[in-house]
>>> print(open('data.txt').read())   # compact mmCIF, C-alpha atoms
# COMPACT_ATOMS: atom_id res chain seq x y z
CA MET J 3 0.00 0.00 0.00
CA MET J 4 2.79 2.40 0.91
CA GLY J 5 4.48 1.73 -2.45
CA GLY J 6 1.31 2.74 -4.26
CA MET J 7 1.10 5.86 -2.13
CA ALA J 8 4.62 6.83 -3.11
CA ARG J 9 3.76 6.60 -6.78
CA GLU J 10 0.53 8.52 -6.62
CA GLU J 11 0.26 11.93 -8.20
CA THR J 12 -2.65 14.10 -7.12
CA ARG J 13 -4.32 17.14 -8.53
CA THR J 14 -2.87 19.21 -5.73
CA SER J 15 0.53 19.04 -7.42
CA THR J 16 1.45 21.77 -9.90
CA SER J 17 3.33 21.65 -13.15
CA THR J 18 6.27 23.50 -11.57
CA PRO J 19 9.13 21.12 -10.81
CA ILE J 20 9.39 20.06 -7.16
CA ARG J 21 12.58 21.10 -5.41
CA ARG J 22 14.49 18.07 -4.17
CA THR J 23 17.50 18.08 -1.89
CA PRO J 24 20.53 16.20 -3.28
CA PRO J 25 21.65 13.12 -1.34
CA GLY J 26 24.71 14.91 -0.05
CA GLY J 27 22.74 17.81 1.37
CA PRO J 28 21.23 21.09 0.13
CA ALA J 29 22.65 22.89 -2.85
CA ALA J 30 25.52 25.22 -2.17
CA GLY J 31 24.50 28.67 -1.26
CA ASP J 32 20.84 27.95 -0.56
CA GLY J 33 21.25 28.71 3.14
CA ALA J 34 19.46 25.56 4.33
CA HIS J 35 20.53 23.41 7.22
CA PRO J 36 22.19 20.13 6.30
CA SER J 37 19.68 17.35 5.74
CA PRO J 38 19.49 14.55 8.25
CA HIS J 39 20.66 11.09 7.32
CA PRO J 40 18.26 9.31 4.88
CA SER J 41 17.46 6.66 7.49
CA THR J 42 16.53 9.43 9.94
CA ARG J 43 14.27 11.03 7.35
CA ALA J 44 12.57 7.69 6.64
CA TRP J 45 12.11 7.05 10.37
CA THR J 46 10.57 10.52 10.80
CA ALA J 47 8.13 9.94 7.93
CA ARG J 48 7.09 6.53 9.31
CA LEU J 49 6.62 7.94 12.80
CA LEU J 50 4.49 10.77 11.41
CA MET J 51 2.33 8.27 9.50
CA ALA J 52 1.89 6.23 12.70
CA GLY J 53 0.91 9.37 14.58
CA ILE J 54 -1.66 10.31 11.94
CA VAL J 55 -3.20 6.82 11.98
CA LEU J 56 -3.37 6.59 15.78
CA ALA J 57 -4.81 10.08 16.05
CA ALA J 58 -7.46 9.24 13.45
CA LEU J 59 -8.45 6.10 15.37
CA ASN J 60 -9.45 8.36 18.28
CA LEU J 61 -11.57 10.90 16.40
CA ARG J 62 -14.92 9.08 16.78
CA PRO J 63 -14.99 6.43 19.58
CA ALA J 64 -16.07 9.13 22.06
CA ILE J 65 -19.24 9.47 19.99
CA THR J 66 -20.06 5.97 18.74
CA SER J 67 -19.35 4.31 22.08
CA LEU J 68 -21.96 6.63 23.58
CA GLY J 69 -24.41 5.86 20.76
CA ALA J 70 -24.15 2.13 21.49
CA LEU J 71 -24.95 2.70 25.19
CA LEU J 72 -27.26 5.70 24.85
CA GLU J 73 -30.26 3.94 26.39
CA GLU J 74 -28.22 2.86 29.43
CA VAL J 75 -26.72 6.35 29.82
CA ARG J 76 -30.19 7.90 29.59
CA ASP J 77 -31.47 5.60 32.31
CA GLY J 78 -28.41 6.09 34.48
CA LEU J 79 -28.49 9.89 34.27
CA GLY J 80 -32.28 10.27 34.09
CA MET J 81 -32.38 11.96 30.68
CA SER J 82 -35.42 12.39 28.45
CA ALA J 83 -35.28 11.71 24.71
CA GLY J 84 -35.13 15.46 24.05
CA LEU J 85 -32.19 15.87 26.42
CA ALA J 86 -30.50 12.87 24.82
CA GLY J 87 -30.96 14.63 21.48
CA LEU J 88 -29.21 17.65 22.97
CA LEU J 89 -26.38 15.36 24.10
CA THR J 90 -25.97 14.05 20.53
CA SER J 91 -25.71 17.68 19.33
CA VAL J 92 -22.76 18.42 21.64
CA PRO J 93 -20.12 16.94 19.24
CA PRO J 94 -20.82 19.25 16.29
CA LEU J 95 -21.19 22.22 18.66
CA CYS J 96 -17.75 21.56 20.15
CA PHE J 97 -16.25 20.93 16.74
CA ALA J 98 -17.53 24.29 15.51
CA VAL J 99 -16.48 26.28 18.59
CA PHE J 100 -13.07 24.73 19.15
CA GLY J 101 -12.20 23.86 15.56
CA ILE J 102 -11.99 27.51 14.58
CA THR J 103 -9.13 27.97 17.08
CA ALA J 104 -6.97 25.26 15.50
CA PRO J 105 -5.16 27.47 12.91
CA ARG J 106 -4.16 30.02 15.54
CA LEU J 107 -2.97 27.33 17.93
CA ALA J 108 -1.04 25.64 15.13
CA ARG J 109 0.73 28.88 14.21
CA ARG J 110 1.76 29.46 17.81
CA PHE J 111 2.70 25.96 18.96
CA GLY J 112 2.97 23.91 15.76
CA PRO J 113 0.46 21.34 14.46
CA ALA J 114 2.28 18.41 16.11
CA ALA J 115 2.05 19.97 19.57
CA VAL J 116 -1.62 20.83 19.11
CA VAL J 117 -2.51 17.31 17.97
CA CYS J 118 -0.54 15.87 20.91
CA ALA J 119 -2.47 18.11 23.31
CA GLY J 120 -5.67 17.05 21.57
CA MET J 121 -4.97 13.39 22.25
CA ALA J 122 -4.31 14.23 25.92
CA ALA J 123 -7.63 16.08 26.12
CA ILE J 124 -9.46 13.11 24.58
CA ALA J 125 -7.90 10.69 27.05
CA ALA J 126 -8.71 12.90 30.04
CA GLY J 127 -12.28 13.62 28.94
CA LEU J 128 -13.13 9.98 28.27
CA ALA J 129 -11.66 8.88 31.58
CA ILE J 130 -13.55 11.52 33.57
CA ARG J 131 -17.00 11.71 31.96
CA PRO J 132 -18.57 8.45 33.19
CA TYR J 133 -17.70 9.34 36.79
CA ALA J 134 -18.24 13.12 36.69
CA GLY J 135 -21.64 12.82 38.38
CA GLY J 136 -24.87 13.97 36.77
CA THR J 137 -25.70 15.18 33.28
CA ALA J 138 -23.83 18.49 33.60
CA GLY J 139 -20.57 16.80 34.57
CA PHE J 140 -21.02 14.20 31.83
CA VAL J 141 -21.50 16.92 29.20
CA ALA J 142 -18.55 18.99 30.50
CA ALA J 143 -16.14 16.04 30.39
CA SER J 144 -17.46 15.07 26.97
CA ALA J 145 -16.75 18.63 25.80
CA LEU J 146 -13.13 18.29 26.94
CA ALA J 147 -12.69 15.15 24.83
CA LEU J 148 -14.51 16.73 21.91
CA MET J 149 -12.27 19.80 22.11
CA GLY J 150 -9.28 17.55 21.45
CA ILE J 151 -11.13 15.89 18.58
CA ALA J 152 -12.08 19.27 17.10
CA VAL J 153 -8.56 20.67 16.75
CA SER J 154 -7.27 17.34 15.43
CA ASN J 155 -10.11 17.21 12.88
CA VAL J 156 -9.03 20.53 11.43
CA LEU J 157 -5.28 19.86 11.46
CA MET J 158 -5.29 16.43 9.81
CA PRO J 159 -5.77 17.81 6.25
CA VAL J 160 -3.23 20.55 7.04
CA ILE J 161 -0.56 18.09 8.16
CA VAL J 162 -1.16 15.86 5.15
CA LYS J 163 -1.01 18.75 2.66
CA ARG J 164 2.13 20.19 4.22
CA HIS J 165 4.18 17.06 4.78
CA PHE J 166 2.86 14.76 2.05
CA PRO J 167 2.05 17.20 -0.78
CA ASP J 168 2.51 14.56 -3.50
CA ARG J 169 0.26 12.02 -1.74
CA VAL J 170 -2.79 13.97 -0.60
CA GLY J 171 -5.26 11.36 -1.87
CA SER J 172 -3.45 8.37 -0.41
CA MET J 173 -2.72 9.93 2.96
CA THR J 174 -6.26 11.32 3.25
CA GLY J 175 -7.51 7.82 2.46
CA LEU J 176 -5.17 6.33 5.07
CA TYR J 177 -6.32 8.47 7.97
CA SER J 178 -9.95 8.40 6.82
CA MET J 179 -9.71 4.61 6.83
CA ALA J 180 -8.24 4.67 10.33
CA LEU J 181 -10.97 7.06 11.45
CA ALA J 182 -13.65 4.73 10.08
CA LEU J 183 -11.98 1.76 11.75
CA GLY J 184 -11.98 3.49 15.13
CA THR J 185 -15.60 4.55 14.64
CA SER J 186 -16.84 1.08 13.73
CA THR J 187 -14.77 -0.73 16.35
CA ALA J 188 -16.19 1.42 19.14
CA ALA J 189 -19.72 0.81 17.88
CA ALA J 190 -19.22 -2.96 17.59
CA VAL J 191 -17.37 -3.84 20.77
CA THR J 192 -18.65 -1.32 23.34
CA VAL J 193 -21.72 -3.35 24.34
CA PRO J 194 -20.04 -6.79 24.55
CA MET J 195 -16.98 -5.24 26.22
CA THR J 196 -19.24 -3.56 28.78
CA ASP J 197 -20.87 -6.92 29.53
CA ALA J 198 -17.46 -8.58 29.86
CA LEU J 199 -16.27 -5.88 32.27
CA GLY J 200 -19.20 -6.32 34.65
CA GLY J 201 -22.11 -4.65 32.84
CA SER J 202 -21.51 -1.06 33.98
CA TRP J 203 -21.93 1.51 31.21
CA ARG J 204 -19.47 3.73 33.06
CA THR J 205 -16.66 1.21 32.63
CA GLY J 206 -17.67 0.54 29.04
CA LEU J 207 -17.27 4.23 28.17
CA ALA J 208 -14.13 4.90 30.24
CA VAL J 209 -12.06 2.13 28.68
CA TRP J 210 -11.69 4.11 25.44
CA ALA J 211 -9.44 6.60 27.22
CA GLY J 212 -6.63 4.04 26.93
CA LEU J 213 -6.63 4.22 23.12
CA ALA J 214 -6.28 8.01 23.24
CA ALA J 215 -3.42 7.76 25.72
CA ALA J 216 -1.59 5.42 23.33
CA ALA J 217 -2.01 7.95 20.50
CA LEU J 218 0.06 10.48 22.46
CA LEU J 219 3.27 8.52 22.03
CA PRO J 220 4.17 9.11 18.34
CA TRP J 221 3.73 12.88 18.70
CA LEU J 222 5.86 13.33 21.82
CA PRO J 223 9.26 13.24 20.03
CA PHE J 224 8.25 16.12 17.76
CA VAL J 225 6.93 18.19 20.66
CA ARG J 226 10.10 17.52 22.65
CA ARG J 227 12.26 18.65 19.73
CA GLY J 228 10.27 21.86 19.49
CA ARG J 229 9.71 21.48 15.78
CA GLU J 230 7.28 19.99 13.30
CA PRO J 231 8.08 16.64 11.74
CA GLY J 232 9.77 16.79 8.37
CA THR J 233 10.17 20.56 8.11
CA ARG J 234 13.81 20.58 7.04
CA ALA J 235 14.76 20.69 3.42
CA GLY J 236 14.44 17.31 1.82
CA ALA J 237 12.81 15.77 4.88
CA GLY J 238 12.06 12.53 3.13
CA ALA J 239 9.06 10.68 1.75
CA GLY J 240 7.24 13.74 0.60
CA ALA J 241 7.42 15.49 3.96
CA GLY J 242 8.42 19.07 3.57
CA ALA J 243 8.94 18.94 -0.21
CA GLU J 244 7.61 22.24 -1.43
CA ASN J 245 7.23 24.09 -4.69
CA PRO J 246 9.84 26.85 -5.00
CA ALA J 247 7.26 29.08 -6.58
CA ARG J 248 5.35 29.04 -3.31
CA THR J 249 8.03 28.83 -0.61
CA ALA J 250 11.48 30.14 0.04
CA PRO J 251 14.38 27.79 -0.72
CA GLY J 252 15.22 25.42 2.10
CA ALA J 253 12.02 26.01 4.07
CA THR J 254 8.42 24.90 4.05
CA GLU J 255 5.57 27.28 3.64
CA ASP J 256 4.61 29.25 6.74
CA PRO J 257 0.87 30.03 6.69
CA ALA J 258 1.39 32.90 9.12
CA ALA J 259 3.70 34.64 6.64
CA ARG J 260 0.92 35.14 4.09
CA PRO J 261 -1.86 37.73 4.34
CA PRO J 262 -5.15 36.19 5.52
CA LEU J 263 -7.12 34.60 2.70
CA PRO J 264 -10.61 36.21 2.42
CA ILE J 265 -12.17 32.78 2.44
CA THR J 266 -15.76 34.00 2.83
CA ARG J 267 -15.60 35.52 -0.65
CA SER J 268 -15.28 32.10 -2.23
CA ARG J 269 -18.46 30.39 -3.40
CA THR J 270 -16.63 27.06 -3.46
CA ALA J 271 -15.66 27.53 0.21
CA TRP J 272 -19.30 28.14 1.13
CA ALA J 273 -20.49 25.15 -0.92
CA LEU J 274 -17.88 22.94 0.74
CA ALA J 275 -18.85 24.23 4.19
CA VAL J 276 -22.55 23.49 3.62
CA PHE J 277 -21.72 20.08 2.16
CA PHE J 278 -19.55 19.34 5.16
CA GLY J 279 -22.32 20.47 7.51
CA LEU J 280 -25.05 18.37 5.92
CA GLN J 281 -22.93 15.22 5.74
CA ALA J 282 -21.97 15.80 9.39
CA THR J 283 -25.66 16.14 10.25
CA ALA J 284 -26.37 12.75 8.68
CA ALA J 285 -23.32 11.19 10.33
CA TYR J 286 -24.11 12.36 13.86
CA ILE J 287 -27.75 11.43 13.57
CA THR J 288 -26.61 7.98 12.45
CA MET J 289 -24.03 7.61 15.22
CA GLY J 290 -26.38 8.92 17.89
CA TRP J 291 -29.70 7.36 16.92
CA MET J 292 -29.31 4.48 14.46
CA ALA J 293 -28.81 1.82 17.13
CA GLN J 294 -31.93 3.10 18.91
CA ILE J 295 -33.94 2.91 15.66
CA PHE J 296 -33.08 -0.77 15.34
CA ARG J 297 -33.71 -1.46 19.03
CA ASP J 298 -37.17 0.14 18.79
CA ALA J 299 -37.85 -2.13 15.79
CA GLY J 300 -37.22 -5.20 17.97
CA VAL J 301 -33.56 -5.81 17.20
CA PRO J 302 -31.51 -6.94 20.27
CA ALA J 303 -29.14 -4.37 21.74
CA ALA J 304 -25.96 -6.25 20.81
CA THR J 305 -27.17 -6.75 17.24
CA ALA J 306 -28.17 -3.10 16.98
CA GLY J 307 -24.65 -2.09 18.03
CA LEU J 308 -23.24 -4.50 15.44
CA LEU J 309 -25.45 -2.96 12.74
CA LEU J 310 -24.14 0.48 13.67
CA ALA J 311 -20.63 -0.96 13.44
CA VAL J 312 -21.37 -2.31 9.95
CA THR J 313 -22.45 1.17 8.89
CA MET J 314 -19.26 2.64 10.26
CA VAL J 315 -16.95 -0.12 9.00
CA MET J 316 -18.01 0.51 5.42
CA GLY J 317 -15.84 3.57 5.68
CA VAL J 318 -12.68 1.48 6.20
CA PRO J 319 -12.22 0.33 2.58
CA LEU J 320 -14.22 3.14 0.98
CA SER J 321 -12.36 5.86 2.86
CA PHE J 322 -9.21 4.68 1.14
CA VAL J 323 -10.75 4.17 -2.30
CA ILE J 324 -12.88 7.31 -2.55
CA PRO J 325 -10.12 9.91 -1.93
CA ARG J 326 -7.84 8.18 -4.47
CA LEU J 327 -10.66 8.14 -7.01
CA ALA J 328 -11.61 11.75 -6.25
CA THR J 329 -8.08 13.05 -6.89
CA ARG J 330 -8.15 11.44 -10.35
CA LEU J 331 -11.39 13.13 -11.42
CA PRO J 332 -11.64 16.75 -12.55
CA ARG J 333 -15.03 16.99 -10.81
CA GLN J 334 -16.22 15.05 -7.77
CA GLY J 335 -19.94 15.59 -8.46
CA PRO J 336 -20.62 12.02 -9.72
CA ILE J 337 -19.29 10.55 -6.46
CA VAL J 338 -21.49 12.95 -4.48
CA VAL J 339 -24.58 11.83 -6.42
CA VAL J 340 -23.89 8.11 -5.86
CA LEU J 341 -23.46 8.64 -2.12
CA GLY J 342 -26.68 10.69 -1.97
CA VAL J 343 -28.72 8.00 -3.74
CA CYS J 344 -27.43 5.36 -1.32
CA GLY J 345 -28.46 7.56 1.61
CA LEU J 346 -32.00 8.05 0.28
CA ALA J 347 -32.38 4.30 -0.29
CA GLY J 348 -31.14 3.55 3.23
CA TYR J 349 -33.57 5.95 4.89
CA ALA J 350 -36.47 4.59 2.83
CA GLY J 351 -35.58 1.08 3.95
CA LEU J 352 -35.42 2.11 7.62
CA TYR J 353 -38.95 3.50 7.28
CA LEU J 354 -40.47 0.57 5.35
CA ALA J 355 -38.79 -2.48 6.91
CA PRO J 356 -36.29 -1.50 9.63
CA ALA J 357 -35.82 -5.00 11.05
CA ALA J 358 -36.39 -7.21 8.00
CA GLY J 359 -33.81 -5.43 5.84
CA ALA J 360 -31.60 -4.14 8.64
CA TRP J 361 -28.29 -5.35 7.18
CA ALA J 362 -29.00 -3.87 3.75
CA TRP J 363 -29.94 -0.48 5.21
CA ALA J 364 -26.82 -0.50 7.38
CA LEU J 365 -24.67 -1.12 4.29
CA LEU J 366 -26.35 1.60 2.23
CA LEU J 367 -26.04 4.19 4.99
CA GLY J 368 -22.43 3.16 5.49
CA ILE J 369 -21.72 3.97 1.84
CA SER J 370 -23.56 7.28 2.16
CA ASN J 371 -21.54 8.26 5.22
CA CYS J 372 -18.37 8.15 3.11
CA ALA J 373 -19.19 11.72 2.13
CA PHE J 374 -16.88 12.60 5.04
CA PRO J 375 -13.57 11.43 3.50
CA LEU J 376 -14.72 12.91 0.20
CA ALA J 377 -15.23 16.28 1.89
CA LEU J 378 -11.77 16.08 3.48
CA THR J 379 -10.23 15.27 0.12
CA MET J 380 -11.95 18.23 -1.51
CA VAL J 381 -10.52 20.49 1.20
CA GLY J 382 -7.05 19.56 -0.03
CA MET J 383 -8.03 19.89 -3.70
CA ARG J 384 -9.88 23.20 -3.56
CA ALA J 385 -6.82 25.12 -2.30
CA ARG J 386 -3.43 25.43 -4.01
CA THR J 387 -1.29 26.37 -0.99
CA GLY J 388 -0.75 25.16 2.55
CA ALA J 389 -2.06 28.49 3.85
CA GLY J 390 -5.18 28.05 1.75
CA VAL J 391 -5.77 24.56 3.11
CA VAL J 392 -5.43 25.84 6.70
CA ARG J 393 -8.04 28.54 6.12
CA LEU J 394 -10.37 26.35 4.07
CA SER J 395 -10.19 23.43 6.50
CA ALA J 396 -10.96 25.63 9.50
CA PHE J 397 -13.75 27.50 7.70
CA ALA J 398 -15.42 24.46 6.12
CA GLN J 399 -15.30 22.35 9.27
CA SER J 400 -16.25 25.04 11.79
CA THR J 401 -19.06 26.44 9.64
CA GLY J 402 -20.15 22.94 8.69
CA TYR J 403 -20.33 21.74 12.27
CA LEU J 404 -22.37 24.83 13.21
CA ILE J 405 -24.82 23.88 10.47
CA SER J 406 -25.03 20.32 11.80
CA ILE J 407 -25.86 21.22 15.41
CA PRO J 408 -29.69 21.32 15.13
CA GLY J 409 -30.03 17.98 13.30
CA PRO J 410 -29.52 15.41 16.09
CA LEU J 411 -31.43 17.60 18.55
CA LEU J 412 -34.37 17.97 16.16
CA VAL J 413 -34.44 14.21 15.60
CA GLY J 414 -34.71 13.66 19.37
CA VAL J 415 -37.53 16.20 19.67
CA LEU J 416 -39.47 14.73 16.72
CA TYR J 417 -39.00 11.22 18.10
CA GLN J 418 -40.23 12.23 21.56
CA HIS J 419 -43.31 14.12 20.35
CA SER J 420 -44.36 11.79 17.51
CA GLY J 421 -43.64 8.55 19.33
CA GLY J 422 -42.08 6.96 16.25
CA TRP J 423 -39.37 7.28 13.61
CA GLY J 424 -41.47 8.35 10.61
CA LEU J 425 -40.91 12.10 10.93
CA PRO J 426 -37.22 11.85 11.92
CA LEU J 427 -36.51 9.60 8.93
CA ALA J 428 -38.38 11.97 6.62
CA LEU J 429 -36.17 14.79 7.88
CA MET J 430 -33.00 12.77 7.25
CA ALA J 431 -34.07 11.92 3.71
CA ALA J 432 -35.03 15.52 2.96
CA LEU J 433 -31.62 16.80 4.05
CA MET J 434 -29.89 14.41 1.65
CA ILE J 435 -31.17 16.38 -1.36
CA PRO J 436 -29.48 19.74 -0.60
CA GLN J 437 -26.38 17.81 0.52
CA THR J 438 -26.11 16.35 -2.98
CA VAL J 439 -26.65 19.72 -4.67
CA VAL J 440 -23.99 21.62 -2.72
CA GLY J 441 -21.63 18.65 -2.97
CA VAL J 442 -21.78 18.87 -6.75
CA LEU J 443 -21.02 22.60 -6.54
CA ALA J 444 -18.10 22.01 -4.15
CA GLY J 445 -16.70 19.37 -6.48
CA ARG J 446 -16.11 21.74 -9.40
CA ASP J 447 -12.54 22.11 -10.64
CA ARG J 448 -11.47 25.42 -9.08
CA THR J 449 -9.54 26.78 -6.10
CA VAL J 450 -10.46 29.26 -3.38
CA GLU J 451 -7.35 31.36 -4.09
CA ASP J 452 -8.43 31.91 -7.69
CA GLU J 453 -12.00 32.72 -6.71
CA THR J 454 -11.04 35.24 -4.01
CA ALA J 455 -8.52 36.90 -6.31
CA ALA J 456 -11.14 37.25 -9.05
CA ARG J 457 -13.69 38.76 -6.67
>>> encode(input="data.txt", output="structure tokens")
Amino acid sequence: MMGGMAREETRTSTSTPIRRTPPGGPAAGDGAHPSPHPSTRAWTARLLMAGIVLAALNLRPAITSLGALLEEVRDGLGMSAGLAGLLTSVPPLCFAVFGITAPRLARRFGPAAVVCAGMAAIAAGLAIRPYAGGTAGFVAASALALMGIAVSNVLMPVIVKRHFPDRVGSMTGLYSMALALGTSTAAAVTVPMTDALGGSWRTGLAVWAGLAAAALLPWLPFVRRGREPGTRAGAGAGAGAENPARTAPGATEDPAARPPLPITRSRTAWALAVFFGLQATAAYITMGWMAQIFRDAGVPAATAGLLLAVTMVMGVPLSFVIPRLATRLPRQGPIVVVLGVCGLAGYAGLYLAPAAGAWAWALLLGISNCAFPLALTMVGMRARTGAGVVRLSAFAQSTGYLISIPGPLLVGVLYQHSGGWGLPLALMAALMIPQTVVGVLAGRDRTVEDETAAR
């Protein structure tokens, strides 16, 4: 797989030749520091890849583990369905509020340090929340974990674009695949693991803090060195290789050195933000409520959790395939349409025969949920520079998560007042139509730098 990644060329590359450092060091007179030994560069690239994968594994278990045990948490904390809907709206709210701070934190401390701190926040929040006492403490500790997830969400495309500029599709697919694997694993094993550990939902939720603690380790060397991985000239395996037309010789691009990009003037940025928001709405409704839909249809709790896991695990292979395919197409609209049709079919099946066709609907909704890695890939493709990706990633994700906040809450309210899933499912299906439209607009072959310059 890594060999294929090394050979991949993406649309984010330009026709200008890439500056490479000679094996013996930088060219005379370029003012760069001597390059580290090739084996050191390779080790740094592999450690960075491991850090990206482990971080991605931790970006959803805080949410899907709660979805699998939502009924038990509701009973344990005395929550109504409406309040549970509010709880499922906390993730996008935190992602919107805290995600917008990621670029500023990255400029001050470096992306590696921010991601490392994010993993620490996830570990602490997941360890504390089951034992915080009451709904308020549960929500506050969840917000701490979600804060760490939010900044890492935003910085993943930035780190990939900056350190693997010739492998945006492959690396986006790699961490999207890891993200989907973490999501599905948490959904599948939380219920049986809770039973094996004594049946307490508190223990079943707290155990996921260990995975976040493990994700700290690959980032610590870079934080200790006080620098980002791969930022020296020729820092191996695509890390730090930059176009001389965009960066000074011997250094990678510094987003803080450029004037702020007026991102709100770009129609593509707005289309991508709305697309991101609507796919996030569908994803968080699915993660928060899908297991409950199956349980209300008579499916056993363990099977309902497994069905949610099937929906999430579809992202493991597709999150690697879709970004690679997307970077080879001039327009990503056809992929958006296919995902939208699968979503509509899945919601129709949940309404007509939720238990009889449960596995088919889980598969269809799993395909539809792969709009997330597609959106991340388009973030890297709709900007030409590292600074543009920073701004676009923060804008699209923060604005998108703001858009997604009402969805899970509204589903909980409709479910509580109607006593069934007809109206909530109608809402989910209706939202899939504008998601497809704006996704087609976001997938057009253009960049935010060109649009803002023209306007």
>>> closest_residue(input="data.txt", among="J:Ser144, J:Ser82, J:Thr137, J:Thr305", to="Ala190 in chain J", atoms="only C-alpha atoms")
J:Thr305
>>> closest_residue(input="data.txt", among="J:Gly422, J:Gly345, J:Gly359, J:Pro302", to="Ala284 in chain J", atoms="only C-alpha atoms")
J:Gly345
>>> closest_residue(input="data.txt", among="J:Leu71, J:Thr270, J:Leu354, J:Ile369", to="Pro194 in chain J", atoms="all atoms listed in the file")
J:Leu71
>>> residues_around(input="data.txt", residues="Gly307 in chain J", least_positions_apart="4", cutoff="8 Å", atoms="only C-alpha atoms", output="list in words")
Ala70, Ala189, Ala190, Val191, Val193, Ala293, Ala303 and Ala311 of chain J
>>> write_last_selection(input="data.txt", atoms="C-alpha atoms", output="PDB file, in the coordinates of the input")
ATOM      1  CA  ALA J  70     -24.150   2.130  21.490  1.00  0.00           C
ATOM      2  CA  ALA J 189     -19.720   0.810  17.880  1.00  0.00           C
ATOM      3  CA  ALA J 190     -19.220  -2.960  17.590  1.00  0.00           C
ATOM      4  CA  VAL J 191     -17.370  -3.840  20.770  1.00  0.00           C
ATOM      5  CA  VAL J 193     -21.720  -3.350  24.340  1.00  0.00           C
ATOM      6  CA  ALA J 293     -28.810   1.820  17.130  1.00  0.00           C
ATOM      7  CA  ALA J 303     -29.140  -4.370  21.740  1.00  0.00           C
ATOM      8  CA  ALA J 311     -20.630  -0.960  13.440  1.00  0.00           C
TER       9      ALA J 311
END
>>> closest_residue(input="data.txt", among="J:Gly445, J:Leu72, J:Leu376, J:Thr329", to="Asp168 in chain J", atoms="only C-alpha atoms")
J:Thr329
>>> atom_distance(input="data.txt", atom1="CA of Met195 in chain J", atom2="CA of Phe296 in chain J")
19.9 Å
>>> decode(input="data.txt", residues="range 278-282 of chain J", atoms="all heavy atoms", output="PDB file, in the first residue's frame")
ATOM      1  N   PHE J 278     -20.120  19.927   3.966  1.00  0.00           N
ATOM      2  CA  PHE J 278     -19.546  19.338   5.165  1.00  0.00           C
ATOM      3  C   PHE J 278     -20.575  19.313   6.295  1.00  0.00           C
ATOM      4  O   PHE J 278     -20.698  18.324   7.024  1.00  0.00           O
ATOM      5  CB  PHE J 278     -18.309  20.123   5.592  1.00  0.00           C
ATOM      6  CG  PHE J 278     -17.411  19.375   6.530  1.00  0.00           C
ATOM      7  CD1 PHE J 278     -16.284  18.721   6.063  1.00  0.00           C
ATOM      8  CD2 PHE J 278     -17.691  19.304   7.887  1.00  0.00           C
ATOM      9  CE1 PHE J 278     -15.460  18.004   6.921  1.00  0.00           C
ATOM     10  CE2 PHE J 278     -16.878  18.599   8.751  1.00  0.00           C
ATOM     11  CZ  PHE J 278     -15.756  17.947   8.264  1.00  0.00           C
ATOM     12  N   GLY J 279     -21.332  20.400   6.440  1.00  0.00           N
ATOM     13  CA  GLY J 279     -22.321  20.472   7.508  1.00  0.00           C
ATOM     14  C   GLY J 279     -23.449  19.472   7.357  1.00  0.00           C
ATOM     15  O   GLY J 279     -23.868  18.832   8.330  1.00  0.00           O
ATOM     16  N   LEU J 280     -23.938  19.301   6.130  1.00  0.00           N
ATOM     17  CA  LEU J 280     -25.048  18.375   5.923  1.00  0.00           C
ATOM     18  C   LEU J 280     -24.603  16.916   6.041  1.00  0.00           C
ATOM     19  O   LEU J 280     -25.346  16.082   6.590  1.00  0.00           O
ATOM     20  CB  LEU J 280     -25.693  18.640   4.559  1.00  0.00           C
ATOM     21  CG  LEU J 280     -26.433  19.981   4.461  1.00  0.00           C
ATOM     22  CD1 LEU J 280     -26.954  20.206   3.050  1.00  0.00           C
ATOM     23  CD2 LEU J 280     -27.585  20.037   5.460  1.00  0.00           C
ATOM     24  N   GLN J 281     -23.386  16.604   5.552  1.00  0.00           N
ATOM     25  CA  GLN J 281     -22.927  15.220   5.744  1.00  0.00           C
ATOM     26  C   GLN J 281     -22.651  14.946   7.222  1.00  0.00           C
ATOM     27  O   GLN J 281     -22.860  13.838   7.700  1.00  0.00           O
ATOM     28  CB  GLN J 281     -21.700  14.931   4.863  1.00  0.00           C
ATOM     29  CG  GLN J 281     -20.419  15.644   5.218  1.00  0.00           C
ATOM     30  CD  GLN J 281     -19.647  15.026   6.361  1.00  0.00           C
ATOM     31  OE1 GLN J 281     -19.741  13.825   6.599  1.00  0.00           O
ATOM     32  NE2 GLN J 281     -18.893  15.841   7.082  1.00  0.00           N
ATOM     33  N   ALA J 282     -22.185  15.972   7.951  1.00  0.00           N
ATOM     34  CA  ALA J 282     -21.972  15.802   9.390  1.00  0.00           C
ATOM     35  C   ALA J 282     -23.299  15.611  10.114  1.00  0.00           C
ATOM     36  O   ALA J 282     -23.391  14.823  11.067  1.00  0.00           O
ATOM     37  CB  ALA J 282     -21.217  17.002   9.961  1.00  0.00           C
TER      38      ALA J 282
END
